[in-house]
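Structure data follow from structure18.pdb (PDB, C-alpha atoms, pLDDT in the B column):
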```pdb
ATOM      1  CA  MET T   1      62.056  27.982   8.974  1.00 50.00           C
ATOM      2  CA  ILE T   2      60.373  30.993  10.700  1.00 52.00           C
ATOM      3  CA  PRO T   3      60.768  34.377   8.970  1.00 55.00           C
ATOM      4  CA  VAL T   4      62.591  37.033  11.022  1.00 53.00           C
ATOM      5  CA  ASN T   5      59.591  39.404  11.157  1.00 57.00           C
ATOM      6  CA  CYS T   6      57.239  36.730  12.558  1.00 53.00           C
ATOM      7  CA  HIS T   7      59.790  35.760  15.225  1.00 54.00           C
ATOM      8  CA  ALA T   8      60.154  39.410  16.295  1.00 52.00           C
ATOM      9  CA  GLN T   9      56.370  39.794  16.521  1.00 53.00           C
ATOM     10  CA  ALA T  10      56.024  36.639  18.604  1.00 52.00           C
ATOM     11  CA  GLN T  11      58.479  37.946  21.219  1.00 58.00           C
ATOM     12  CA  ARG T  12      56.799  41.354  21.513  1.00 56.00           C
ATOM     13  CA  PRO T  13      54.644  41.486  24.698  1.00 55.00           C
ATOM     14  CA  SER T  14      50.934  42.006  24.158  1.00 53.00           C
ATOM     15  CA  THR T  15      49.522  45.186  25.666  1.00 55.00           C
ATOM     16  CA  LYS T  16      45.911  46.118  26.143  1.00 54.00           C
ATOM     17  CA  THR T  17      45.019  49.091  23.993  1.00 54.00           C
ATOM     18  CA  LYS T  18      42.088  51.413  24.501  1.00 54.00           C
ATOM     19  CA  GLN T  19      39.318  51.224  21.919  1.00 56.00           C
ATOM     20  CA  VAL T  20      39.386  54.027  19.381  1.00 57.00           C
ATOM     21  CA  SER T  21      35.820  55.201  20.091  1.00 63.00           C
ATOM     22  CA  THR T  22      36.213  55.250  23.900  1.00 66.00           C
ATOM     23  CA  PRO T  23      36.137  58.826  25.255  1.00 67.00           C
ATOM     24  CA  SER T  24      39.062  59.951  27.408  1.00 73.00           C
ATOM     25  CA  PHE T  25      36.817  61.780  29.921  1.00 71.00           C
ATOM     26  CA  ASP T  26      34.153  60.872  32.488  1.00 78.00           C
ATOM     27  CA  VAL T  27      31.087  60.594  30.233  1.00 79.00           C
ATOM     28  CA  ARG T  28      28.589  60.191  33.069  1.00 79.00           C
ATOM     29  CA  ALA T  29      29.709  63.364  34.851  1.00 84.00           C
ATOM     30  CA  ALA T  30      29.855  65.340  31.585  1.00 82.00           C
ATOM     31  CA  LEU T  31      26.334  64.256  30.595  1.00 82.00           C
ATOM     32  CA  PHE T  32      25.004  65.111  34.055  1.00 80.00           C
ATOM     33  CA  ALA T  33      26.604  68.579  33.824  1.00 82.00           C
ATOM     34  CA  VAL T  34      24.953  69.201  30.422  1.00 82.00           C
ATOM     35  CA  LEU T  35      21.549  67.544  30.992  1.00 83.00           C
ATOM     36  CA  GLY T  36      21.011  67.917  34.740  1.00 82.00           C
ATOM     37  CA  VAL T  37      19.793  64.288  34.947  1.00 84.00           C
ATOM     38  CA  ASP T  38      21.596  60.950  35.241  1.00 84.00           C
ATOM     39  CA  LEU T  39      20.547  58.749  32.298  1.00 84.00           C
ATOM     40  CA  THR T  40      22.710  55.865  33.563  1.00 83.00           C
ATOM     41  CA  GLU T  41      20.185  55.217  36.372  1.00 84.00           C
ATOM     42  CA  ILE T  42      18.035  53.538  33.730  1.00 84.00           C
ATOM     43  CA  HIS T  43      19.120  49.893  33.563  1.00 80.00           C
ATOM     44  CA  GLY T  44      20.706  48.941  30.254  1.00 79.00           C
ATOM     45  CA  MET T  45      21.859  52.499  29.572  1.00 82.00           C
ATOM     46  CA  GLY T  46      25.538  52.880  30.334  1.00 82.00           C
ATOM     47  CA  PRO T  47      27.517  56.096  29.849  1.00 84.00           C
ATOM     48  CA  SER T  48      28.564  55.209  26.295  1.00 84.00           C
ATOM     49  CA  LEU T  49      25.020  54.334  25.164  1.00 86.00           C
ATOM     50  CA  SER T  50      23.617  57.458  26.834  1.00 86.00           C
ATOM     51  CA  LEU T  51      26.166  59.621  25.015  1.00 86.00           C
ATOM     52  CA  LYS T  52      25.336  58.016  21.655  1.00 87.00           C
ATOM     53  CA  LEU T  53      21.581  58.395  22.214  1.00 88.00           C
ATOM     54  CA  VAL T  54      21.936  62.055  23.151  1.00 88.00           C
ATOM     55  CA  GLY T  55      24.086  62.468  20.036  1.00 86.00           C
ATOM     56  CA  GLU T  56      21.320  60.912  17.892  1.00 86.00           C
ATOM     57  CA  CYS T  57      18.274  62.560  19.511  1.00 85.00           C
ATOM     58  CA  GLY T  58      19.701  65.789  20.951  1.00 85.00           C
ATOM     59  CA  THR T  59      19.197  67.301  24.391  1.00 84.00           C
ATOM     60  CA  ASP T  60      15.883  69.035  23.642  1.00 85.00           C
ATOM     61  CA  LEU T  61      13.057  66.555  23.038  1.00 87.00           C
ATOM     62  CA  ARG T  62      10.292  69.174  22.715  1.00 87.00           C
ATOM     63  CA  ALA T  63       9.954  68.256  19.030  1.00 88.00           C
ATOM     64  CA  TRP T  64       7.991  65.205  20.278  1.00 89.00           C
ATOM     65  CA  PRO T  65       4.935  66.237  22.340  1.00 90.00           C
ATOM     66  CA  SER T  66       4.787  62.898  24.159  1.00 90.00           C
ATOM     67  CA  ALA T  67       6.653  59.644  24.670  1.00 89.00           C
ATOM     68  CA  LYS T  68       4.238  58.013  22.208  1.00 88.00           C
ATOM     69  CA  HIS T  69       5.349  60.397  19.462  1.00 89.00           C
ATOM     70  CA  PHE T  70       8.989  59.724  20.346  1.00 89.00           C
ATOM     71  CA  THR T  71       8.638  55.923  20.203  1.00 87.00           C
ATOM     72  CA  SER T  72       6.683  56.199  16.958  1.00 86.00           C
ATOM     73  CA  TRP T  73       9.510  58.285  15.442  1.00 86.00           C
ATOM     74  CA  LEU T  74      11.960  55.543  16.500  1.00 87.00           C
ATOM     75  CA  CYS T  75       9.697  52.913  14.841  1.00 83.00           C
ATOM     76  CA  LEU T  76       9.397  51.058  18.156  1.00 85.00           C
ATOM     77  CA  ALA T  77       5.634  51.567  18.561  1.00 78.00           C
ATOM     78  CA  PRO T  78       3.188  49.169  16.901  1.00 76.00           C
ATOM     79  CA  GLY T  79       1.738  50.544  13.676  1.00 72.00           C
ATOM     80  CA  ASN T  80      -1.899  49.635  13.117  1.00 73.00           C
ATOM     81  CA  LYS T  81      -3.028  48.978   9.556  1.00 71.00           C
ATOM     82  CA  ILE T  82      -6.799  49.149   9.761  1.00 71.00           C
ATOM     83  CA  SER T  83      -9.280  48.569   6.931  1.00 76.00           C
ATOM     84  CA  GLY T  84     -13.018  48.528   7.474  1.00 79.00           C
ATOM     85  CA  GLY T  85     -12.592  48.602  11.247  1.00 76.00           C
ATOM     86  CA  LYS T  86     -10.473  45.443  11.176  1.00 75.00           C
ATOM     87  CA  VAL T  87      -6.807  45.490  12.274  1.00 67.00           C
ATOM     88  CA  LEU T  88      -4.844  43.950   9.406  1.00 64.00           C
ATOM     89  CA  SER T  89      -1.388  44.310  10.943  1.00 65.00           C
ATOM     90  CA  SER T  90       0.219  45.848  14.025  1.00 67.00           C
ATOM     91  CA  ARG T  91       3.864  45.221  13.148  1.00 67.00           C
ATOM     92  CA  THR T  92       6.448  47.895  13.838  1.00 70.00           C
ATOM     93  CA  ARG T  93       7.875  49.659  10.799  1.00 66.00           C
ATOM     94  CA  ARG T  94      11.406  48.971   9.585  1.00 73.00           C
ATOM     95  CA  SER T  95      13.870  51.581  10.721  1.00 68.00           C
ATOM     96  CA  SER T  96      17.376  52.643   9.790  1.00 70.00           C
ATOM     97  CA  SER T  97      17.568  54.795  12.918  1.00 77.00           C
ATOM     98  CA  GLN T  98      20.809  54.392  14.854  1.00 84.00           C
ATOM     99  CA  ALA T  99      18.963  55.365  18.060  1.00 85.00           C
ATOM    100  CA  ALA T 100      16.482  52.485  17.635  1.00 86.00           C
ATOM    101  CA  ALA T 101      19.363  50.059  17.025  1.00 87.00           C
ATOM    102  CA  LEU T 102      21.092  51.269  20.213  1.00 89.00           C
ATOM    103  CA  LEU T 103      17.903  50.842  22.239  1.00 89.00           C
ATOM    104  CA  ARG T 104      17.414  47.307  20.876  1.00 89.00           C
ATOM    105  CA  LEU T 105      21.002  46.500  21.864  1.00 89.00           C
ATOM    106  CA  ALA T 106      20.283  47.758  25.390  1.00 89.00           C
ATOM    107  CA  ALA T 107      17.118  45.624  25.475  1.00 90.00           C
ATOM    108  CA  VAL T 108      19.065  42.466  24.562  1.00 89.00           C
ATOM    109  CA  THR T 109      21.513  43.176  27.399  1.00 87.00           C
ATOM    110  CA  ILE T 110      18.806  43.959  29.926  1.00 85.00           C
ATOM    111  CA  GLY T 111      16.940  40.756  29.061  1.00 84.00           C
ATOM    112  CA  ARG T 112      19.668  38.820  30.904  1.00 84.00           C
ATOM    113  CA  SER T 113      19.575  40.991  34.042  1.00 83.00           C
ATOM    114  CA  ASP T 114      17.701  40.507  37.309  1.00 83.00           C
ATOM    115  CA  THR T 115      15.622  43.685  36.960  1.00 84.00           C
ATOM    116  CA  ALA T 116      11.964  44.513  36.375  1.00 84.00           C
ATOM    117  CA  LEU T 117      12.686  45.253  32.703  1.00 85.00           C
ATOM    118  CA  GLY T 118      14.638  41.990  32.440  1.00 87.00           C
ATOM    119  CA  ALA T 119      11.724  40.023  33.913  1.00 86.00           C
ATOM    120  CA  PHE T 120       9.337  41.773  31.490  1.00 87.00           C
ATOM    121  CA  CYS T 121      11.569  40.900  28.530  1.00 88.00           C
ATOM    122  CA  ARG T 122      11.904  37.234  29.529  1.00 89.00           C
ATOM    123  CA  ARG T 123       8.158  36.809  30.152  1.00 88.00           C
ATOM    124  CA  LEU T 124       7.287  38.385  26.785  1.00 86.00           C
ATOM    125  CA  ALA T 125       9.976  36.339  24.992  1.00 89.00           C
ATOM    126  CA  ALA T 126       8.421  33.129  26.338  1.00 88.00           C
ATOM    127  CA  ARG T 127       4.978  34.179  25.108  1.00 86.00           C
ATOM    128  CA  ALA T 128       5.589  36.113  21.877  1.00 85.00           C
ATOM    129  CA  GLY T 129       9.170  35.394  20.826  1.00 88.00           C
ATOM    130  CA  LYS T 130      12.567  36.993  21.324  1.00 89.00           C
ATOM    131  CA  ALA T 131      12.313  39.608  18.535  1.00 88.00           C
ATOM    132  CA  LYS T 132       9.003  41.044  19.780  1.00 87.00           C
ATOM    133  CA  ALA T 133      10.258  41.031  23.373  1.00 89.00           C
ATOM    134  CA  VAL T 134      13.398  42.974  22.403  1.00 89.00           C
ATOM    135  CA  THR T 135      11.337  45.571  20.494  1.00 89.00           C
ATOM    136  CA  ALA T 136       8.862  45.981  23.372  1.00 89.00           C
ATOM    137  CA  THR T 137      11.671  46.309  25.934  1.00 91.00           C
ATOM    138  CA  ALA T 138      13.482  48.814  23.698  1.00 91.00           C
ATOM    139  CA  ARG T 139      10.256  50.827  23.581  1.00 91.00           C
ATOM    140  CA  LYS T 140      10.048  50.833  27.394  1.00 91.00           C
ATOM    141  CA  ILE T 141      13.664  52.035  27.637  1.00 91.00           C
ATOM    142  CA  ALA T 142      12.895  54.755  25.045  1.00 91.00           C
ATOM    143  CA  VAL T 143       9.934  55.953  27.157  1.00 91.00           C
ATOM    144  CA  LEU T 144      12.159  56.084  30.266  1.00 90.00           C
ATOM    145  CA  PHE T 145      14.838  57.966  28.284  1.00 90.00           C
ATOM    146  CA  TYR T 146      12.240  60.469  27.019  1.00 91.00           C
ATOM    147  CA  ASN T 147      10.650  61.038  30.439  1.00 90.00           C
ATOM    148  CA  THR T 148      14.035  61.432  32.128  1.00 88.00           C
ATOM    149  CA  LEU T 149      15.384  63.886  29.569  1.00 87.00           C
ATOM    150  CA  ARG T 150      12.168  65.843  28.917  1.00 86.00           C
ATOM    151  CA  HIS T 151      10.535  65.881  32.367  1.00 85.00           C
ATOM    152  CA  GLY T 152      13.502  65.261  34.707  1.00 81.00           C
ATOM    153  CA  MET T 153      12.060  61.963  35.989  1.00 81.00           C
ATOM    154  CA  THR T 154      14.333  59.892  38.224  1.00 81.00           C
ATOM    155  CA  TYR T 155      14.104  56.151  37.631  1.00 78.00           C
ATOM    156  CA  LYS T 156      14.002  53.823  40.637  1.00 78.00           C
ATOM    157  CA  GLU T 157      14.474  50.134  39.816  1.00 75.00           C
ATOM    158  CA  PRO T 158      11.735  48.104  41.555  1.00 74.00           C
ATOM    159  CA  GLY T 159      13.465  44.751  40.898  1.00 72.00           C
ATOM    160  CA  ALA T 160      12.388  41.525  39.206  1.00 73.00           C
ATOM    161  CA  SER T 161      10.545  40.247  42.305  1.00 78.00           C
ATOM    162  CA  HIS T 162       8.334  43.369  42.342  1.00 76.00           C
ATOM    163  CA  TYR T 163       7.446  42.811  38.672  1.00 74.00           C
ATOM    164  CA  GLU T 164       6.676  39.119  39.305  1.00 80.00           C
ATOM    165  CA  GLU T 165       4.459  40.028  42.289  1.00 83.00           C
ATOM    166  CA  ARG T 166       2.511  42.589  40.226  1.00 82.00           C
ATOM    167  CA  TYR T 167       2.089  40.022  37.432  1.00 83.00           C
ATOM    168  CA  ARG T 168       0.825  37.421  39.936  1.00 85.00           C
ATOM    169  CA  ASN T 169      -1.698  39.886  41.412  1.00 87.00           C
ATOM    170  CA  ARG T 170      -2.914  40.820  37.924  1.00 87.00           C
ATOM    171  CA  VAL T 171      -3.414  37.146  36.969  1.00 87.00           C
ATOM    172  CA  LEU T 172      -5.230  36.434  40.257  1.00 88.00           C
ATOM    173  CA  GLY T 173      -7.509  39.447  39.748  1.00 88.00           C
ATOM    174  CA  ASN T 174      -8.383  38.246  36.230  1.00 89.00           C
ATOM    175  CA  LEU T 175      -9.093  34.702  37.498  1.00 89.00           C
ATOM    176  CA  LYS T 176     -11.333  35.980  40.302  1.00 87.00           C
ATOM    177  CA  ARG T 177     -13.261  38.210  37.879  1.00 89.00           C
ATOM    178  CA  ARG T 178     -13.702  35.322  35.436  1.00 90.00           C
ATOM    179  CA  ALA T 179     -14.810  32.928  38.180  1.00 88.00           C
ATOM    180  CA  LYS T 180     -17.311  35.492  39.493  1.00 87.00           C
ATOM    181  CA  SER T 181     -18.805  35.939  36.006  1.00 89.00           C
ATOM    182  CA  LEU T 182     -19.347  32.147  35.901  1.00 87.00           C
ATOM    183  CA  GLY T 183     -20.947  32.102  39.372  1.00 87.00           C
ATOM    184  CA  TYR T 184     -17.960  30.850  41.397  1.00 86.00           C
ATOM    185  CA  ASP T 185     -15.937  32.384  44.212  1.00 84.00           C
ATOM    186  CA  LEU T 186     -12.170  31.787  44.384  1.00 79.00           C
ATOM    187  CA  GLN T 187     -10.529  31.617  47.807  1.00 79.00           C
ATOM    188  CA  GLU T 188      -6.877  31.165  48.744  1.00 77.00           C
ATOM    189  CA  LEU T 189      -5.900  27.955  50.514  1.00 78.00           C
ATOM    190  CA  PRO T 190      -4.344  28.260  53.983  1.00 77.00           C
ATOM    191  CA  PRO T 191      -0.536  27.691  54.037  1.00 72.00           C
ATOM    192  CA  GLU T 192      -0.831  24.198  55.639  1.00 71.00           C
ATOM    193  CA  ALA T 193      -3.130  23.086  52.791  1.00 62.00           C
ATOM    194  CA  ASN T 194      -0.527  24.243  50.255  1.00 59.00           C
ATOM    195  CA  MET T 195       2.125  22.134  52.013  1.00 59.00           C
ATOM    196  CA  ALA T 196      -0.146  19.086  51.952  1.00 58.00           C
ATOM    197  CA  VAL T 197      -0.757  19.466  48.212  1.00 55.00           C
ATOM    198  CA  SER T 198       2.964  19.729  47.373  1.00 55.00           C
TER     199      SER T 198
END
```

Structure translated into structure tokens:
Amino acid sequence: MIPVNCHAQAQRPSTKTKQVSTPSFDVRAALFAVLGVDLTEIHGMGPSLSLKLVGECGTDLRAWPSAKHFTSWLCLAPGNKISGGKVLSSRTRRSSSQAAALLRLAAVTIGRSDTALGAFCRRLAARAGKAKAVTATARKIAVLFYNTLRHGMTYKEPGASHYEERYRNRVLGNLKRRAKSLGYDLQELPPEANMAVS
């Protein structure tokens, strides 16, 4: 036998409720009015994340002379433990910073996107592991956040294909330099030769 209260709850229609922490105003427009820059142009940084980051770091980032100081404060920059001229460790420090946690969350999201930062994250994850890739991508987002807020930089997304092309050119340049040091000269095959090989 079903209790009366359960039966009454089952018949009640379900309604979508707004999350408690969701602001009731246009966050993007409000942030633009206060800051004079649009932080949401940076991929991975939505209005809610931008608001939380500004809440954690403030609107005036002059306390950090450069983006390197800012990322070091967030514990997203590699820390070098050196003894006798030898690097013992370059791991990032542990952090209880809410801002660093938010940036890592943005990096996880951006790793699935078809953007230059997403391509960077995926390539690094394949080589060094997911955790290091997320930290490195979070650091890149932190640098973009700093430069946008401190210097008024506008971010233009080049796209994943642009990143892949730059990576390809860098690898080719390294191969040509290496071949030249060994006494060889690399030359590209004509397109018809490539078709014959495949």

Practice problem: Could you please give me, as JSON, numbers by chain, the residues of protein, DNA or RNA lying at most 12 Å from (9.2, 56.6, 20.8) in the coordinate frame of the file, considering only C-alpha atoms? | Solution: {"T": [57, 61, 63, 64, 65, 66, 67, 68, 69, 70, 71, 72, 73, 74, 75, 76, 77, 78, 79, 92, 97, 99, 100, 103, 135, 136, 137, 138, 139, 140, 141, 142, 143, 144, 145, 146, 147]}

Quiz prompt | Residue among T:Gly85, T:Ala106, T:Leu149, T:Gly111 lying closest to Val34 (chain T), counting all atoms listed in the file | solution =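 Of T:Gly85, T:Ala106, T:Leu149, T:Gly111, the one nearest Val34 (chain T) is T:Leu149, counting all atoms listed in the file.
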
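Minimum atom-to-atom distance to Lys156 (chain T), evaluated using all atoms listed in the file, belongs to T:His43 out of T:His43, T:Ile82, T:Glu188, T:Leu49.
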
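Distance check against Phe32 (chain T) using all atoms listed in the file: of T:Gly152, T:Leu182, T:Leu105, T:Asp114, the minimum falls on T:Gly152.
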
Self-check item: CA of Arg112 (chain T) to CA of Arg127 (chain T), distance in Å rounded to a single decimal
Solution: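 These atoms are spaced 16.5 Å apart.
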
Exercise. Take the point (13.3, 47.2, 38.8) in the file's coordinates, draw a sphere of radius 6 Å around it, and report as an NGL selection string every protein, DNA or RNA residue with an atom inside or on it, counting all atoms listed in the file.
Key: :T and (115-116 or 157-160)

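Distances to Lys52 (chain T) were evaluated for T:Phe25, T:Ser96, T:Val108, T:Leu102 using only C-alpha atoms, and the minimum falls at T:Leu102.
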
Quiz item: Taking into account all atoms listed in the file, which residue in the set T:Gly44, T:Asn80, T:Gln187, T:Ala101 is nearest to Ser113 (chain T)?
Solution: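 Among the listed residues, T:Gly44 lies closest to Ser113 (chain T).
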
Self-check item: Straight-line distance linking CA of Arg123 (chain T) with CA of Asp38 (chain T), stated in Å to one decimal
Solution: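 CA of Asp38 (chain T) lies 28.1 Å from CA of Arg123 (chain T).
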
Quiz item: Between CA of Cys121 (chain T) and CA of Ser50 (chain T), what is the spacing in Å?
Solution: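 Interatomic distance here is 20.5 Å.
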
Practice problem: Measuring atom to atom with all atoms listed in the file, identify which of T:Ser161, T:Thr148, T:Ser181, T:Asn169 is nearest to Thr40 (chain T). | Solution: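 Counting all atoms listed in the file, the residue closest to Thr40 (chain T) is T:Thr148.
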